[in-house]
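*Asks:* Take a look at this one; I'll ask things after.
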Amino acid sequence: SRSEAFPLTLIEASLIGLPVISSNIQVLKEVYEDDEVGFFETDDVNSFINAFNHVKMNYKSYSKKSLEKTRKQYTVNNMVKQYISLYEK
């Protein structure tokens with residue numbers, strides 16, 4: 001996708017241990033590091049192929065890191081705290 005608010009499919013895939021490849025959208029770059037998600041430049045087929053191959057060669061590492069980050073960041077308690085903080089502003 002060229003733009004997206006925040007793709008829940010990324011969280012869902014991470015939570016079942018799948019590595020994720022995503023277009024290089026800003027909202028994801030703010031949350032995930034390059035070694036947690038395989039990012040590629042939008043509209044660049046070679047960038048996608050490179051990201052795919054890199055994640056494929058490092059499948060276990062990407063799976064583990066994205067799962068750890070997602071479990072830490074997106075717990076029910078953290079989400080509630082973030083919503084409360086948002087409403088308090």
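As shown in the structure tokens, the chain order sets the letters A, B, ...; within each chain, residues go from 1, and ligands are also counted from 1 in the order they appear.
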With a distance cut-off of 12 Å and only C-alpha atoms, select the neighbouring residues of Asp34 of chain A, excluding the residue or stretch itself and same-chain residues fewer than 2 positions from it, and output the selection as a ChimeraX atom specification.
*Replies:* /A:19-24,28-32,36-40,51,54-55,61-62,65-66
*Asks:* Near segment 71-87 of chain A, within 12 Å and counting only C-alpha atoms, which residues show up once chain neighbours fewer than 5 positions away are dropped, as JSON, numbers by chain?
*Replies:* {"A": [8, 10, 11, 12, 13, 14, 15, 16, 17, 31, 32, 64, 65, 66]}
*Asks:* Take atom CA of Tyr59 of chain A and atom CA of Leu18 of chain A and report the distance between them in Å, one decimal.
*Replies:*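 Atom-to-atom, atom CA of Tyr59 of chain A and atom CA of Leu18 of chain A are spaced 8.4 Å apart.
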*Asks:* What separation in Å, quoted to one decimal, exists between atom CA of Glu88 of chain A and atom CA of Thr70 of chain A?
*Replies:*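 Computed distance, atom CA of Glu88 of chain A to atom CA of Thr70 of chain A, equals 24.8 Å.
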*Asks:* Which of chain A end up as strand (DSSP E) when DSSP is run on this backbone - answer as a VMD selection string?
*Replies:* chain A and resid 21 to 23 38 to 40
*Asks:* Those residues you just picked out, can you put them in a file as a short mmCIF file (atom, residue, chain, number, x, y, z; two decimals), in the first residue's frame with N, CA, C and O atoms?
*Replies:*
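As a result, again.cif now contains:
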data_model
loop_
_atom_site.label_atom_id
_atom_site.label_comp_id
_atom_site.auth_asym_id
_atom_site.auth_seq_id
_atom_site.Cartn_x
_atom_site.Cartn_y
_atom_site.Cartn_z
N ILE A 21 6.81 -8.37 5.62
CA ILE A 21 7.42 -7.51 4.62
C ILE A 21 6.39 -6.42 4.32
O ILE A 21 5.22 -6.73 4.09
N SER A 22 6.82 -5.18 4.36
CA SER A 22 5.87 -4.07 4.20
C SER A 22 6.49 -2.95 3.39
O SER A 22 7.70 -2.75 3.41
N SER A 23 5.62 -2.21 2.71
CA SER A 23 6.10 -1.00 2.06
C SER A 23 6.61 -0.05 3.13
O SER A 23 6.22 -0.13 4.29
N GLY A 38 10.72 -6.46 7.16
CA GLY A 38 11.41 -6.26 5.89
C GLY A 38 10.74 -5.14 5.12
O GLY A 38 9.67 -5.32 4.55
N PHE A 39 11.35 -3.97 5.13
CA PHE A 39 10.76 -2.82 4.45
C PHE A 39 11.26 -2.73 3.02
O PHE A 39 12.41 -3.06 2.72
N PHE A 40 10.39 -2.26 2.12
CA PHE A 40 10.79 -2.02 0.74
C PHE A 40 10.20 -0.69 0.28
O PHE A 40 9.22 -0.21 0.83
#
